[in-house]
Amino acid sequence: MLITNFWHFPEEKASARYTTLATLLAEAGHEVEVVTSSFHHASKRQRDPDIVHSVGGYKVTLIHEPSYPRNVSLRRLRSHESFSRSVVRYLGRTPLPDVIYVVVPSLSLGDHVTSFAKKNRVKVVMDVQDLWPEAFAMAIPSRFLFRALSLPMMLQANRVYARADALVAVSETYRARVVGKPADRPSLAVYLGLELDRFDRPTAEPVLVKPDGAIWLAYAGTLGRSYDLPTLIAACALLKARGGDHIELIVLGDGPRRAEFEALAAQARVPARFLGFVAYDVMASTLRESDIAVNPIDGRSEASIINKHADYLAAGIPMINSQASSELIDLLDRWNAGLTCQPGSPELMAEALAALIGDPELRHLMGGNARRLAEARFDRASTYPSIVELVERV
């Protein structure tokens with residue numbers, strides 16, 4: 001049984017970690033049930049109950065979760081608590097599974113489910129996709145205040161991680177944080193990754209036509225708090241002032257700060273196209289057509305290896321990175337797949353961009369290395385079978 005607050009049906013997201021995993025487990029001959037929320041986190045809407053019929057090969061059960069309007073809010077925490085209690089009530093009236101694969105966050109879900117599992121002697125594999133409360137540190141400027149306010153959640157997190165019989169994390173950074181004691185438990189770091197064959201499928205029609213001689217700088221993802229588009233836009237303005245009229249910023253994605261970012265680009269007179277959310281194949285083809293991918297992350301972010309990294313690398317283009325993740329920086333350095341600059345500095349980002357814009361051979365070299373890194377470490381076809389094997393061993 002796979003239990004998660006955050007599930008994506010195919011019509012909600014073309015490629016998602018847990019849909020891939022559920023399919024692989026079913027194809028390996030296991031009877032799989034997905035227990036997930038009636039509330040779709042990304043759209044902040046309740047799902048149509050009939051959506052469960054859109055998947056085949058495994059059963060999907062929707063458990064009611066109250067709606068919440070914002071990601072960082074007490075209402076969201078109360079909603080997760082309500083969902084978690086309802087999940088445990090459901091577990092109490094259904095035949096016990098051999099293994100529960102529970103996704104954390106939310107911590108309340110992990111807490112309730114692992115408590116139930118221990119009482120009923122059911123094995124638990126825990127998949128840690130994000131670190132709570134660390135992920136909320138940006139919302140509280142004072143580090144002292146954050147530590148004081150987050151202490152109860154930190155203690156809960158440690159308790160939840162300790163109850164798992166085996167652990168999977170979306171990066172080595174997160175695995176090192178959660179494995180704790182007993183340290184001899186089976187654990188894996190498997191990147192979110194992507195289905196590389198799906199990424200490579202051509203689109204029927206190009207969504208954009210690239211002018212001759214143009215250099216496209218691509219950003220793909222949410223336009224929210226953690227993503228430092230202001231620094232990227234300011235860097236592009238510096239390049240334009242230095243004669244970079246052939247440079248264009250292509251932004252794929254949407255979010256609460258889109259209007260702010262569009263206004264910044266217009267004010268700085270930076271050529272930029274904000275395409276919003278587009279179909280997955282359109283996103284993939286636009287990245288492949290681009291020259292440089294940019295990963296501008298706020299220096300205070302606790303994020304590690306995230307979705308956009310896989311897409312950028314699969315596109316076979318070099319990455320300019322300002323995310324202060326030692327794991328990502330090490331990957332880019334070891335594979336010579338991009339350049340890293342200090343977060344929050346338009347001047348240093350402009351310098352890194354200029355180094356690649358002015359050297360087509362370096363772009364080609366790093367782009368090829370990026371693609372090889374995607375094939376080696378981010379293709380779910382080769383990395384996710386290890387998760388299936390772990391579930392079978394536990």
# chains A, B, ... in the order shown; residues from 1 in each chain; ligands from 1
$ residues_around --residues "range 51-60 of chain A" --least-positions-apart "6" --cutoff "7 Å" --atoms "only C-alpha atoms" --output "list of chain:residue names"
A:Thr23, A:Ala26, A:Glu31, A:Val32, A:Glu33, A:Val34, A:Val35
$ atom_distance --atom1 "CA of Gly180 in chain A" --atom2 "CA of Ala162 in chain A"
7.0 Å
$ select_by_dssp --residues "range 107-349 of chain A" --states "alpha helix (DSSP H)" --output "PyMOL selection string"
chain A and resi 107-119+143-163+172-179+196-199+229-241+258-267+280-289+307-314+326-335+346-349
$ residues_around --residues "Glu248 in chain A" --least-positions-apart "5" --cutoff "10 Å" --atoms "only C-alpha atoms" --output "compact mmCIF listing (two decimals) with N, CA and C atoms, in the first residue's frame"
# COMPACT_ATOMS: atom_id res chain seq x y z
N LYS A 210 12.55 29.73 -32.88
CA LYS A 210 13.76 30.41 -32.42
C LYS A 210 14.42 31.16 -33.57
N ALA A 214 19.77 33.63 -32.10
CA ALA A 214 19.28 33.91 -30.74
C ALA A 214 19.88 32.94 -29.73
N ILE A 215 20.07 33.41 -28.53
CA ILE A 215 20.49 32.59 -27.39
C ILE A 215 19.34 32.55 -26.39
N TRP A 216 18.83 31.35 -26.17
CA TRP A 216 17.72 31.20 -25.23
C TRP A 216 18.23 30.74 -23.87
N LEU A 217 17.87 31.49 -22.85
CA LEU A 217 18.12 31.10 -21.47
C LEU A 217 16.81 30.61 -20.89
N ALA A 218 16.77 29.36 -20.43
CA ALA A 218 15.51 28.75 -20.04
C ALA A 218 15.41 28.56 -18.54
N CYS A 236 20.36 39.23 -16.76
CA CYS A 236 20.05 39.40 -18.18
C CYS A 236 20.11 40.88 -18.58
N LYS A 240 22.44 42.47 -21.47
CA LYS A 240 21.86 43.29 -22.54
C LYS A 240 22.58 44.63 -22.64
N VAL A 270 14.20 43.52 -20.42
CA VAL A 270 14.80 42.23 -20.75
C VAL A 270 13.83 41.46 -21.65
N PRO A 271 14.27 41.05 -22.84
CA PRO A 271 13.39 40.23 -23.69
C PRO A 271 13.06 38.92 -22.98
N ALA A 272 11.81 38.72 -22.67
CA ALA A 272 11.41 37.54 -21.90
C ALA A 272 10.04 37.08 -22.35
N ARG A 273 9.88 35.77 -22.44
CA ARG A 273 8.57 35.19 -22.75
C ARG A 273 8.16 34.30 -21.59
N SER A 290 16.63 25.26 -26.25
CA SER A 290 17.32 26.34 -25.55
C SER A 290 18.83 26.09 -25.52
$ closest_atom_pairs --of "range 195-258 of chain A" --to "range 9-15 of chain A" --cutoff "10 Å" --atoms "only C-alpha atoms" --output "JSON lines"
{"residue": "A:Glu195", "atom": "CA", "partner": "A:Ser15", "partner_atom": "CA", "distance": 7.1}
{"residue": "A:Arg198", "atom": "CA", "partner": "A:Ser15", "partner_atom": "CA", "distance": 8.5}
{"residue": "A:Phe199", "atom": "CA", "partner": "A:Ser15", "partner_atom": "CA", "distance": 9.2}
$ atom_distance --atom1 "CA of Ser142 in chain A" --atom2 "CA of Tyr161 in chain A"
26.5 Å
$ closest_atom_pairs --of "range 148-254 of chain A" --to "range 320-336 of chain A" --cutoff "12 Å" --atoms "only C-alpha atoms" --output "Markdown table"
| residue | atom | partner | partner_atom | distance |
| --- | --- | --- | --- | --- |
| A:Val170 | CA | A:Glu327 | CA | 11.5 |
| A:Ser171 | CA | A:Glu327 | CA | 8.1 |
| A:Glu172 | CA | A:Glu327 | CA | 7.4 |
| A:Thr173 | CA | A:Glu327 | CA | 6.8 |
| A:Tyr174 | CA | A:Glu327 | CA | 10.1 |
| A:Arg175 | CA | A:Glu327 | CA | 11.7 |
| A:Ala176 | CA | A:Glu327 | CA | 11.6 |
| A:Ala189 | CA | A:Glu327 | CA | 11.8 |
| A:Tyr191 | CA | A:Leu328 | CA | 11.2 |
| A:Leu217 | CA | A:Ile320 | CA | 9.5 |
| A:Ala218 | CA | A:Ile320 | CA | 10.1 |
| A:Tyr219 | CA | A:Ile320 | CA | 10.3 |
| A:Ser226 | CA | A:Gln323 | CA | 10.0 |
| A:Tyr227 | CA | A:Gln323 | CA | 9.4 |
| A:Asp228 | CA | A:Ser322 | CA | 8.9 |
| A:Leu229 | CA | A:Ser322 | CA | 10.9 |
| A:Thr231 | CA | A:Ser322 | CA | 9.6 |
| A:Leu232 | CA | A:Ser322 | CA | 9.7 |
| A:Ala235 | CA | A:Ile320 | CA | 11.7 |
$ select_by_dssp --residues "range 92-274 of chain A" --states "strand (DSSP E)" --output "count of residues only"
34
$ residues_around --residues "Leu252 in chain A" --least-positions-apart "3" --cutoff "8 Å" --atoms "only C-alpha atoms" --output "MDAnalysis selection string"
chainID A and resid 218:221 274:278 283
$ residues_around --residues "range 63-73 of chain A" --least-positions-apart "5" --cutoff "12 Å" --atoms "only C-alpha atoms" --output "count of residues only"
50
